[in-house]
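Chemist: Just work_26.txt, nothing more (compact mmCIF, C-alpha atoms):
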```txt
# COMPACT_ATOMS: atom_id res chain seq x y z
CA MET A 283 45.39 36.62 63.39
CA THR A 284 42.49 35.96 65.64
CA ALA A 285 38.93 35.76 64.47
CA SER A 286 36.35 38.31 65.48
CA GLY A 287 34.05 37.78 68.45
CA ALA A 288 31.04 36.99 66.27
CA GLU A 289 32.98 34.37 64.35
CA ALA A 290 34.24 32.86 67.59
CA ALA A 291 30.68 32.60 68.89
CA LEU A 292 29.58 30.97 65.63
CA PHE A 293 32.44 28.51 65.79
CA TRP A 294 31.90 27.53 69.41
CA VAL A 295 28.19 27.02 68.84
CA LEU A 296 28.53 25.14 65.58
CA ALA A 297 31.65 23.05 66.16
CA PRO A 298 30.37 21.00 69.15
CA LEU A 299 27.08 20.39 67.34
CA MET A 300 28.95 19.21 64.26
CA VAL A 301 31.14 16.89 66.31
CA LEU A 302 28.01 15.49 67.97
CA ALA A 303 26.39 14.89 64.58
CA ALA A 304 29.57 13.23 63.31
CA LEU A 305 29.50 10.97 66.36
CA GLY A 306 25.91 10.22 65.37
CA LEU A 307 27.28 8.83 62.10
CA LEU A 308 29.54 6.58 64.15
CA PHE A 309 26.92 5.37 66.62
CA ALA A 310 23.56 5.54 64.82
CA ARG A 311 22.17 2.08 64.37
CA LYS A 312 20.12 2.89 61.28
CA ALA A 313 21.75 4.09 58.11
CA VAL A 314 19.09 6.76 57.52
CA HIS A 315 19.84 8.40 60.88
CA ALA A 316 23.52 8.39 59.99
CA ALA A 317 22.72 10.06 56.66
CA VAL A 318 20.74 12.81 58.39
CA CYS A 319 23.63 13.36 60.84
CA VAL A 320 26.09 13.69 57.95
CA MET A 321 23.77 16.18 56.28
CA PHE A 322 23.85 18.32 59.42
CA VAL A 323 27.66 18.22 59.44
CA MET A 324 27.77 19.27 55.79
CA VAL A 325 25.42 22.21 56.27
CA GLY A 326 27.51 23.27 59.28
CA LEU A 327 30.64 23.09 57.14
CA ALA A 328 28.97 25.29 54.51
CA ILE A 329 28.27 27.91 57.20
CA LEU A 330 31.87 27.73 58.37
CA TYR A 331 33.10 28.19 54.78
CA VAL A 332 31.04 31.35 54.44
CA ALA A 333 32.43 32.56 57.77
CA GLN A 334 35.95 31.83 56.49
CA GLU A 335 35.74 34.16 53.49
CA ALA A 336 34.83 31.36 51.07
CA PRO A 337 31.19 32.11 50.14
CA PHE A 338 31.46 30.38 46.77
CA LEU A 339 32.61 27.14 48.35
CA GLY A 340 29.85 27.45 50.95
CA VAL A 341 27.22 27.57 48.21
CA VAL A 342 28.87 24.74 46.30
CA GLN A 343 29.00 22.70 49.50
CA VAL A 344 25.25 23.05 50.01
CA VAL A 345 24.43 22.34 46.36
CA VAL A 346 26.84 19.49 45.74
CA TYR A 347 27.02 17.73 49.08
CA THR A 348 23.68 18.19 50.81
CA GLY A 349 21.80 18.62 47.55
CA ALA A 350 23.28 15.95 45.32
CA VAL A 351 25.57 13.56 47.17
CA MET A 352 23.45 13.01 50.27
CA MET A 353 20.27 12.73 48.20
CA LEU A 354 22.06 10.05 46.17
CA PHE A 355 22.89 8.31 49.43
CA LEU A 356 19.25 8.44 50.50
CA PHE A 357 18.12 7.06 47.15
CA VAL A 358 20.54 4.15 47.44
CA LEU A 359 19.35 3.54 51.02
CA MET A 360 15.83 3.41 49.64
CA LEU A 361 16.87 0.86 47.02
CA VAL A 362 18.86 -1.26 49.44
CA GLY A 363 16.17 -1.15 52.14
CA VAL A 364 15.72 1.59 54.70
CA ASP A 365 15.61 -0.69 57.73
CA SER A 366 18.91 -2.39 56.99
CA ALA A 367 20.46 -2.08 60.43
CA ASP A 368 24.06 -2.98 61.13
CA SER A 369 24.92 -6.31 62.62
CA LEU A 370 26.69 -5.92 65.94
CA THR A 371 28.53 -9.23 65.91
CA GLU A 372 32.28 -8.95 65.78
CA THR A 373 33.75 -10.96 62.93
CA ILE A 374 37.32 -10.06 63.83
CA LYS A 375 38.01 -10.39 67.53
CA GLY A 376 38.84 -7.11 69.27
CA GLN A 377 38.28 -5.12 66.09
CA ARG A 378 36.00 -2.62 67.83
CA TRP A 379 38.45 -1.63 70.53
CA LEU A 380 41.29 -1.58 68.07
CA GLY A 381 39.30 0.74 65.80
CA VAL A 382 38.42 3.10 68.65
CA LEU A 383 42.05 3.08 69.74
CA LEU A 384 43.26 3.89 66.24
CA GLY A 385 40.73 6.71 65.93
CA LEU A 386 41.77 8.24 69.24
CA GLY A 387 45.43 7.84 68.27
CA LEU A 388 44.75 9.64 65.00
CA VAL A 389 43.12 12.53 66.87
CA VAL A 390 46.04 12.78 69.29
CA VAL A 391 48.70 12.64 66.57
CA LEU A 392 47.02 15.13 64.24
CA LEU A 393 46.11 17.54 67.04
CA GLY A 394 49.72 17.32 68.22
CA VAL A 395 50.90 18.19 64.73
CA VAL A 396 48.52 21.15 64.53
CA ALA A 397 49.58 22.36 67.97
CA GLN A 398 53.29 21.94 67.25
CA ALA A 399 53.35 23.47 63.78
CA ALA A 400 54.41 27.09 63.53
CA PHE A 401 51.90 28.86 61.30
CA PRO A 402 52.77 32.17 59.69
CA PRO A 403 50.65 35.07 60.89
CA ALA A 404 47.37 34.74 59.05
CA VAL A 405 46.79 37.43 56.48
CA GLY A 406 43.19 36.80 55.41
CA LEU A 407 41.89 36.88 51.87
CA ALA A 408 41.01 40.55 51.58
CA ALA A 409 44.17 41.38 49.59
CA SER A 410 43.95 38.55 47.07
CA GLU A 411 40.28 39.14 46.38
CA GLU A 412 40.29 42.60 44.92
CA LEU A 413 36.93 41.90 43.28
CA THR A 414 34.83 39.09 44.74
CA ASN A 415 35.53 35.60 45.94
CA PRO A 416 34.12 33.82 42.83
CA VAL A 417 36.12 36.08 40.51
CA ALA A 418 39.35 35.41 42.40
CA LEU A 419 38.59 31.67 42.35
CA ALA A 420 37.87 31.73 38.61
CA ARG A 421 41.17 33.53 37.89
CA VAL A 422 43.12 30.77 39.63
CA LEU A 423 40.94 27.91 38.40
CA LEU A 424 40.89 28.91 34.73
CA GLY A 425 44.42 30.33 34.76
CA ASP A 426 46.82 28.19 36.75
CA TYR A 427 44.76 25.02 36.88
CA VAL A 428 43.07 24.97 33.50
CA LEU A 429 44.57 21.62 32.50
CA ALA A 430 43.49 20.04 35.80
CA MET A 431 40.00 21.35 35.22
CA GLU A 432 39.83 19.77 31.76
CA VAL A 433 40.98 16.46 33.21
CA VAL A 434 38.35 16.73 35.94
CA GLY A 435 35.73 17.23 33.24
CA VAL A 436 36.87 14.00 31.57
CA LEU A 437 36.72 12.30 34.97
CA LEU A 438 33.13 13.43 35.50
CA VAL A 439 32.03 12.11 32.10
CA THR A 440 33.79 8.82 32.81
CA ALA A 441 32.09 8.57 36.20
CA ALA A 442 28.67 9.21 34.70
CA LEU A 443 29.29 6.50 32.09
CA ALA A 444 30.55 4.15 34.79
CA GLY A 445 27.39 4.72 36.82
CA LEU A 446 25.29 3.89 33.76
CA VAL A 447 27.28 0.76 32.88
CA LEU A 448 27.46 -0.57 36.44
CA THR A 449 23.75 -0.26 37.12
CA HIS A 450 22.68 -1.46 33.67
CA ARG A 451 20.87 -4.77 33.59
CA ARG A 452 20.43 -6.85 30.49
CA ARG A 453 16.87 -7.98 29.77
CA LEU A 454 16.63 -11.77 29.83
CA SER A 455 13.29 -12.18 28.06
CA VAL A 456 11.67 -10.43 25.12
CA ARG A 457 9.83 -7.28 26.12
CA PRO A 458 6.06 -7.85 25.62
CA THR A 459 4.51 -5.42 23.17
CA GLN A 460 1.07 -3.86 23.48
CA ARG A 461 -0.28 -6.21 20.79
CA VAL A 462 0.95 -9.29 22.67
CA LEU A 463 -0.60 -8.05 25.91
CA ALA A 464 -3.95 -7.36 24.21
CA ALA A 465 -3.97 -10.81 22.60
CA ALA A 466 -3.22 -12.45 25.95
CA ARG A 467 -6.04 -10.54 27.61
CA VAL A 468 -8.57 -11.61 24.96
CA ALA A 469 -7.31 -15.19 25.11
CA ALA A 470 -7.94 -15.22 28.89
CA LEU A 471 -11.60 -14.21 28.46
CA PRO A 472 -13.00 -17.78 28.82
CA GLU A 473 -11.21 -18.11 32.18
CA GLY A 474 -13.23 -15.27 33.67
CA ARG A 475 -10.90 -12.35 33.00
CA THR A 476 -12.49 -9.09 31.91
CA LEU A 477 -11.27 -6.78 29.18
CA THR A 478 -12.21 -3.64 31.04
CA PRO A 479 -10.55 -2.39 34.21
CA LEU A 480 -12.00 -3.66 37.47
CA PRO A 481 -14.61 -1.46 39.19
CA ALA A 482 -13.33 0.88 41.89
CA PRO A 483 -14.22 0.27 45.56
CA GLY A 484 -17.50 1.66 46.82
CA VAL A 485 -18.03 5.30 47.69
CA TYR A 486 -20.61 6.15 50.33
CA ALA A 487 -21.49 9.31 52.18
CA GLN A 488 -19.49 8.50 55.31
CA ASN A 489 -17.06 5.98 53.90
CA ASN A 490 -14.93 5.78 50.79
CA ALA A 491 -12.35 3.34 52.11
CA MET A 492 -10.74 0.65 49.96
CA ASP A 493 -12.30 -2.16 51.98
CA THR A 494 -15.94 -1.54 51.02
CA PRO A 495 -17.20 -3.11 47.80
CA ALA A 496 -18.98 -1.09 45.16
CA LEU A 497 -22.63 -1.73 44.33
CA GLY A 498 -23.42 -2.95 40.83
CA PRO A 499 -26.29 -1.63 38.70
CA ASP A 500 -28.54 -4.30 40.22
CA GLY A 501 -27.75 -3.20 43.77
CA GLU A 502 -25.63 -6.23 44.56
CA PRO A 503 -22.14 -5.63 46.04
CA LEU A 504 -19.27 -6.41 43.65
CA PRO A 505 -16.64 -8.33 45.64
CA HIS A 506 -13.92 -8.00 42.98
CA SER A 507 -13.97 -4.22 43.37
CA VAL A 508 -12.08 -4.63 46.67
CA PRO A 509 -8.30 -5.06 46.24
CA ARG A 510 -7.21 -8.68 46.15
CA VAL A 511 -4.86 -8.35 49.12
CA LEU A 512 -7.65 -7.11 51.41
CA ARG A 513 -9.91 -9.95 50.25
CA ILE A 514 -7.26 -12.58 50.96
CA ARG A 515 -6.59 -11.10 54.40
CA GLY A 516 -10.34 -11.11 55.12
CA GLN A 517 -10.37 -7.37 55.79
CA GLU A 518 -13.16 -6.49 53.40
CA ARG A 519 -16.40 -5.10 54.80
CA SER A 520 -19.82 -5.90 53.41
CA ALA A 521 -21.95 -3.14 51.94
CA THR A 522 -24.75 -3.78 54.47
CA ALA A 523 -22.40 -3.27 57.39
CA VAL A 524 -21.30 0.06 55.98
CA LEU A 525 -24.90 1.15 55.40
CA ALA A 526 -25.93 0.16 58.92
CA GLU A 527 -23.05 2.19 60.32
CA GLU A 528 -24.09 5.20 58.30
CA GLU A 529 -27.66 4.90 59.60
CA THR A 530 -26.54 4.89 63.21
CA LEU A 531 -24.40 7.94 62.47
CA VAL A 532 -27.36 9.77 60.93
CA VAL A 533 -29.61 8.86 63.83
CA SER A 534 -27.09 9.90 66.45
CA SER A 535 -26.57 13.24 64.71
CA ILE A 536 -30.33 13.79 64.66
CA SER A 537 -30.68 12.95 68.34
CA LEU A 538 -27.81 15.33 69.04
CA VAL A 539 -29.62 18.11 67.24
CA GLU A 540 -32.94 17.69 69.11
CA PRO A 541 -33.34 16.26 72.61
CA VAL A 542 -35.32 13.00 72.65
CA GLU A 543 -38.54 13.66 74.60
CA THR A 544 -41.43 12.43 72.48
CA GLU A 545 -42.44 8.89 71.57
CA GLU A 546 -41.43 9.64 67.97
CA GLY A 547 -37.84 10.08 69.05
CA VAL A 548 -37.93 6.66 70.69
CA SER A 549 -39.47 5.12 67.63
CA THR A 550 -36.74 6.69 65.50
CA SER A 551 -34.05 5.06 67.53
CA SER A 552 -35.89 1.73 67.44
CA THR A 553 -36.12 1.75 63.64
CA SER A 554 -32.50 2.64 63.30
CA GLY A 555 -31.45 -0.98 63.45
CA GLY A 556 -32.81 -1.55 59.95
CA VAL A 557 -30.63 -2.47 57.05
CA SER A 558 -32.15 -0.90 53.97
CA THR A 559 -31.59 2.69 52.91
CA SER A 560 -35.29 3.47 53.22
CA SER A 561 -35.10 3.38 57.03
CA THR A 562 -32.51 6.16 56.84
CA GLY A 563 -35.05 8.21 54.93
CA ASP A 564 -37.63 7.40 57.62
CA GLY A 565 -35.29 8.61 60.33
CA VAL A 566 -34.70 11.86 58.56
CA SER A 567 -38.38 12.43 57.92
CA THR A 568 -39.36 11.70 61.53
CA GLY A 569 -36.64 14.07 62.65
CA SER A 570 -38.00 16.82 60.47
CA THR A 571 -41.61 16.26 61.55
CA SER A 572 -40.72 16.32 65.23
CA GLY A 573 -38.81 19.51 64.57
CA GLU A 574 -41.96 20.99 63.03
CA GLU A 575 -43.94 19.96 66.09
CA GLU A 576 -41.50 21.78 68.29
CA VAL A 577 -41.86 24.88 66.17
CA ARG A 578 -45.59 24.61 66.50
CA MET B 82 39.80 32.61 69.02
CA GLU B 83 42.75 31.39 66.99
CA ILE B 84 42.10 30.43 63.38
CA THR B 85 43.89 27.13 64.00
CA ASN B 86 40.81 26.01 65.97
CA TYR B 87 39.28 25.27 62.58
CA LEU B 88 42.13 22.84 61.96
CA GLY B 89 41.33 21.15 65.28
CA LEU B 90 37.71 20.71 64.19
CA ALA B 91 38.88 19.33 60.85
CA VAL B 92 41.16 16.84 62.65
CA ILE B 93 38.34 15.64 64.90
CA LEU B 94 35.92 15.22 61.98
CA PHE B 95 38.57 13.36 59.99
CA ALA B 96 39.27 10.99 62.86
CA ILE B 97 35.56 10.31 63.38
CA GLY B 98 35.23 9.53 59.67
CA ALA B 99 38.23 7.20 59.80
CA THR B 100 36.84 5.42 62.85
CA THR B 101 33.51 5.00 61.05
CA VAL B 102 35.31 3.34 58.14
CA LEU B 103 37.08 1.02 60.57
CA LEU B 104 34.08 0.08 62.72
CA ARG B 105 30.88 0.09 60.72
CA ARG B 106 29.78 -2.87 58.56
CA ASN B 107 27.12 -1.28 56.38
CA ALA B 108 28.87 -0.35 53.14
CA ILE B 109 26.80 2.82 52.74
CA VAL B 110 27.69 4.05 56.24
CA VAL B 111 31.35 3.28 55.53
CA PHE B 112 31.04 5.37 52.40
CA MET B 113 29.56 8.24 54.40
CA GLY B 114 32.63 8.01 56.65
CA VAL B 115 34.81 8.53 53.57
CA GLU B 116 32.73 11.55 52.63
CA LEU B 117 33.18 12.96 56.13
CA MET B 118 36.95 12.61 55.81
CA LEU B 119 36.92 14.42 52.46
CA ASN B 120 34.86 17.22 53.99
CA ALA B 121 37.29 17.53 56.88
CA THR B 122 40.20 17.96 54.48
CA ASN B 123 38.19 20.59 52.64
CA LEU B 124 37.78 22.53 55.87
CA ALA B 125 41.53 22.33 56.39
CA PHE B 126 42.11 23.57 52.82
CA VAL B 127 39.81 26.55 53.31
CA THR B 128 41.46 27.40 56.63
CA PHE B 129 44.94 27.23 55.11
CA ALA B 130 43.81 29.42 52.22
CA ARG B 131 42.76 32.00 54.79
CA ILE B 132 45.96 31.71 56.77
CA HIS B 133 48.17 32.17 53.71
CA GLY B 134 45.96 34.72 51.98
CA ASP B 135 45.85 32.66 48.77
CA VAL B 136 42.69 31.33 47.11
CA THR B 137 44.54 28.35 45.68
CA GLY B 138 43.51 26.38 48.75
CA GLN B 139 39.87 27.05 47.93
CA VAL B 140 40.44 25.91 44.35
CA LEU B 141 41.90 22.66 45.63
CA ALA B 142 38.88 22.20 47.93
CA PHE B 143 36.71 22.70 44.87
CA PHE B 144 38.61 19.97 43.03
CA VAL B 145 38.17 17.66 46.01
CA MET B 146 34.42 18.26 45.89
CA VAL B 147 34.22 17.43 42.18
CA VAL B 148 36.28 14.28 42.53
CA ALA B 149 34.19 13.27 45.57
CA ALA B 150 31.02 13.62 43.51
CA ALA B 151 32.44 11.35 40.81
CA GLU B 152 33.63 8.91 43.46
CA VAL B 153 30.16 8.79 45.04
CA VAL B 154 28.55 7.92 41.72
CA VAL B 155 30.89 5.01 41.04
CA GLY B 156 30.97 3.79 44.64
CA LEU B 157 27.21 3.75 45.08
CA ALA B 158 26.81 2.02 41.71
CA ILE B 159 29.21 -0.68 42.93
CA ILE B 160 27.28 -1.02 46.21
CA ILE B 161 24.01 -1.41 44.29
CA THR B 162 25.55 -4.03 41.99
CA ILE B 163 26.84 -6.01 44.97
CA PHE B 164 23.46 -5.69 46.67
CA ARG B 165 21.75 -7.07 43.56
CA SER B 166 23.90 -10.16 43.40
CA ARG B 167 24.32 -10.87 47.14
CA ARG B 168 21.18 -9.27 48.65
CA SER B 169 23.26 -7.55 51.32
CA ALA B 170 24.95 -4.19 51.83
CA SER B 171 27.22 -5.44 54.58
CA VAL B 172 30.94 -5.41 53.91
CA ASP B 173 31.27 -8.71 55.78
CA ASP B 174 29.26 -10.58 53.18
CA VAL B 175 31.58 -9.75 50.31
CA ASN B 176 33.92 -12.67 50.95
CA LEU B 177 34.07 -14.60 47.68
CA LEU B 178 37.87 -14.57 47.79
CA HIS B 179 37.88 -15.95 51.33
CA SER B 180 39.20 -19.55 51.30
```
Written as structure tokens, how would this file's structure read?

Modeler:
Amino acid sequence: MTASGAEAALFWVLAPLMVLAALGLLFARKAVHAAVCVMFVMVGLAILYVAQEAPFLGVVQVVVYTGAVMMLFLFVLMLVGVDSADSLTETIKGQRWLGVLLGLGLVVVLLGVVAQAAFPPAVGLAASEELTNPVALARVLLGDYVLAMEVVGVLLVTAALAGLVLTHRRRLSVRPTQRVLAAARVAALPEGRTLTPLPAPGVYAQNNAMDTPALGPDGEPLPHSVPRVLRIRGQERSATAVLAEEETLVVSSISLVEPVETEEGVSTSSTSGGVSTSSTGDGVSTGSTSGEEEVR
Amino acid sequence: MEITNYLGLAVILFAIGATTVLLRRNAIVVFMGVELMLNATNLAFVTFARIHGDVTGQVLAFFVMVVAAAEVVVGLAIIITIFRSRRSASVDDVNLLHS
């Protein structure tokens, strides 16, 4: 039996792509790229299952393999470290060429077997599936193979338990309770710790980045509102620098709105170098007055 | 197109998976090679089911999928345990029995 033209087109488009993706698993340096390549192969296999009169298996392939198994792989890659690249040093001499040779030999032998074997004329599944594919599968699965299915259920439970036991870690110290933590926090008060959470970084009109300190009620910047890492790296910005930047932004936007022609415009730009917030107010007011003059 | 072309694709995917197991050092990539081999056999099962007109092949592919899922859980748990104790996912570093 030969497949239809549409199926042949699907196969000849999909099969080379799948082989390329599988080769990506073999040659990709990073494990994440290999995982993505395998995912492509598995989705392609699901499409081929549907094309081969096995729609149930196609759906299960997508759900189980791309949905569960490969996601599990990605999670483990995340735990182990995404950028764990392979080492390219050969520990066994000539292992690489031997491996390639064995792989090619396997292809040749198995393809020879497939080419030599005499297959009966293919009959297709239309006769055995008088209802639908899942119903026919369920009849065989729950009829002929019911014992195997029970055993597989036991296997799944055992595997889940094994996963729990293998990844379980015993706690070496006593888990601190909330009361212990509170007592420790109060006991650290004389050393300069605070009971309350630290203040959040500053929020300004043009800038709410983590590196700008907040201003306290007295107008002084609070250095401990910037994250400790940024402070240690010396990447924190002072509040005055942020304010000066905002002033220049305001002034430039004003000068964009109205062309600078009068002396007032010049004076606006000259006062823009100020530090305090009041100069910003001055700039705005001069801008508005000059605008009124223009109207007049 | 002959239906046996699917078997050819399955053979090629299986061989690529086997070569991955032989060549790669990262335990997780090796494991993905095993998964690729299991998938290739599933494709062969589905193709044979179609050739013989019997859904038993599809049932067997289903069993392979279930067992592969269980195998992935245990295998990845083992890889994580080894990574915790040796700080490496490379199969070359698991050499406690060596000399």

Chemist: I want to know what sits within 12 Å of Leu292 in chain A, based on all atoms listed in the file, with residues of the same chain fewer than 6 positions away left out; could you give that as an MDAnalysis selection string?

Modeler: (chainID A and resid 285:286 298:300 326:327 329:334) or (chainID B and resid 82 87)

Chemist: Between chain B and chain A, at 7 Å or less, what are the per-residue closest atom pairs and their distances in Å? Count only C-alpha atoms, order by chain and rising residue number, and return it as a tab-separated table.

Modeler:
```
residue	atom	partner	partner_atom	distance
B:Met82	CA	A:Thr284	CA	5.5
B:Glu83	CA	A:Thr284	CA	4.8
B:Ile84	CA	A:Thr284	CA	6.0
B:Gly89	CA	A:Leu393	CA	6.2
B:Leu90	CA	A:Ala297	CA	6.8
B:Val92	CA	A:Leu392	CA	6.3
B:Ile93	CA	A:Val389	CA	6.0
B:Leu94	CA	A:Val301	CA	6.7
B:Ala96	CA	A:Gly385	CA	5.5
B:Ile97	CA	A:Ala304	CA	6.7
B:Ala99	CA	A:Gly385	CA	6.6
B:Thr100	CA	A:Gly385	CA	5.1
B:Thr101	CA	A:Leu308	CA	5.3
B:Leu103	CA	A:Gly381	CA	5.7
B:Leu104	CA	A:Arg378	CA	6.1
B:Arg106	CA	A:Asp368	CA	6.3
B:Asn107	CA	A:Asp368	CA	5.9
B:Val110	CA	A:Ala313	CA	6.2
B:Arg131	CA	A:Gly406	CA	4.9
B:Ile132	CA	A:Ala404	CA	4.0
B:His133	CA	A:Ala404	CA	6.0
B:Gly134	CA	A:Leu407	CA	4.6
B:Asp135	CA	A:Ser410	CA	6.4
B:Val136	CA	A:Leu419	CA	6.3
B:Thr137	CA	A:Val422	CA	6.7
B:Val140	CA	A:Leu423	CA	6.3
B:Phe143	CA	A:Leu339	CA	7.0
B:Ala150	CA	A:Val351	CA	6.6
B:Ala151	CA	A:Ala441	CA	5.4
B:Val153	CA	A:Val351	CA	7.0
B:Val154	CA	A:Gly445	CA	6.0
B:Val155	CA	A:Gly445	CA	5.5
B:Ala158	CA	A:Gly445	CA	5.6
B:Ile159	CA	A:Leu448	CA	6.7
B:Thr162	CA	A:Thr449	CA	6.4
B:Phe164	CA	A:Val362	CA	7.0
```

Chemist: Please report the interatomic distance between CA of Asn86 in chain B and CA of Phe144 in chain B in Å with one decimal.

Modeler: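 So the two atoms, CA of Asn86 in chain B and CA of Phe144 in chain B, lie 23.8 Å apart.
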
Chemist: Would you pick out the contacts of Ala142 in chain B at 9 Å or less, using all atoms listed in the file, so that residues sharing its chain but fewer than 5 positions from it are not included, and give the list as a list in words?

Modeler: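 After dropping sequence-adjacent residues, the list is Leu339 of chain A; Asn120, Thr122, Asn123, Leu124, Ala125, Phe126, Val127, Thr137 and Val147 of chain B.
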
Chemist: What does the structure give for the distance between CA of Glu502 in chain A and CA of Ala464 in chain A, in Å to one decimal?

Modeler: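 CA of Ala464 in chain A lies at a distance of 29.8 Å from CA of Glu502 in chain A.
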
Chemist: If you measure from CA of Val456 in chain A to CA of Gly474 in chain A, what distance in Å do you get, rounded to one decimal?

Modeler: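 Computed distance, CA of Val456 in chain A to CA of Gly474 in chain A, equals 26.8 Å.
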
Chemist: Could you give me the centre and size, in Å to one decimal, of an axis-aligned box around all listed atoms of range 101-119 of chain B with 8 Å added on every side, as lines of an AutoDock Vina configuration file?

Modeler:
```
center_x = 31.9
center_y = 5.8
center_z = 57.6
size_x = 26.3
size_y = 33.3
size_z = 26.3
```

Chemist: Closest to Arg519 in chain A among A:Ser534, A:Gln398, A:Ser507, A:Thr494, using all atoms listed in the file?

Modeler: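 For Arg519 in chain A, the nearest of the candidates is A:Thr494.
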
Chemist: What would range 147-165 of chain B look like with N, CA and C atoms restored, written as a CSV table (one decimal), in the coordinates of the input?

Modeler:
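Full text of rebuild.csv as output:
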```
chain,number,residue,atom,x,y,z
B,147,VAL,N,34.6,18.0,43.5
B,147,VAL,CA,34.2,17.4,42.2
B,147,VAL,C,34.6,16.0,42.1
B,148,VAL,N,35.8,15.7,42.6
B,148,VAL,CA,36.3,14.3,42.5
B,148,VAL,C,35.4,13.4,43.5
B,149,ALA,N,35.0,14.0,44.6
B,149,ALA,CA,34.2,13.3,45.6
B,149,ALA,C,32.8,12.9,44.9
B,150,ALA,N,32.3,13.9,44.2
B,150,ALA,CA,31.0,13.6,43.5
B,150,ALA,C,31.2,12.5,42.5
B,151,ALA,N,32.2,12.5,41.7
B,151,ALA,CA,32.4,11.4,40.8
B,151,ALA,C,32.6,10.0,41.6
B,152,GLU,N,33.4,10.1,42.7
B,152,GLU,CA,33.6,8.9,43.5
B,152,GLU,C,32.3,8.3,44.0
B,153,VAL,N,31.4,9.2,44.5
B,153,VAL,CA,30.2,8.8,45.0
B,153,VAL,C,29.3,8.0,44.0
B,154,VAL,N,29.3,8.6,42.8
B,154,VAL,CA,28.6,7.9,41.7
B,154,VAL,C,29.0,6.5,41.5
B,155,VAL,N,30.4,6.4,41.3
B,155,VAL,CA,30.9,5.0,41.0
B,155,VAL,C,30.7,4.1,42.3
B,156,GLY,N,31.0,4.6,43.4
B,156,GLY,CA,31.0,3.8,44.6
B,156,GLY,C,29.6,3.3,44.9
B,157,LEU,N,28.6,4.2,44.8
B,157,LEU,CA,27.2,3.8,45.1
B,157,LEU,C,26.7,2.8,44.0
B,158,ALA,N,27.2,3.0,42.8
B,158,ALA,CA,26.8,2.0,41.7
B,158,ALA,C,27.4,0.6,42.0
B,159,ILE,N,28.6,0.6,42.5
B,159,ILE,CA,29.2,-0.7,42.9
B,159,ILE,C,28.4,-1.3,44.1
B,160,ILE,N,28.0,-0.5,45.1
B,160,ILE,CA,27.3,-1.0,46.2
B,160,ILE,C,26.0,-1.6,45.7
B,161,ILE,N,25.3,-0.9,44.8
B,161,ILE,CA,24.0,-1.4,44.3
B,161,ILE,C,24.2,-2.7,43.5
B,162,THR,N,25.3,-2.8,42.7
B,162,THR,CA,25.6,-4.0,42.0
B,162,THR,C,25.8,-5.2,42.9
B,163,ILE,N,26.6,-4.9,44.0
B,163,ILE,CA,26.8,-6.0,45.0
B,163,ILE,C,25.5,-6.4,45.7
B,164,PHE,N,24.7,-5.4,46.0
B,164,PHE,CA,23.5,-5.7,46.7
B,164,PHE,C,22.6,-6.5,45.8
B,165,ARG,N,22.6,-6.3,44.5
B,165,ARG,CA,21.8,-7.1,43.6
B,165,ARG,C,22.2,-8.5,43.5
```
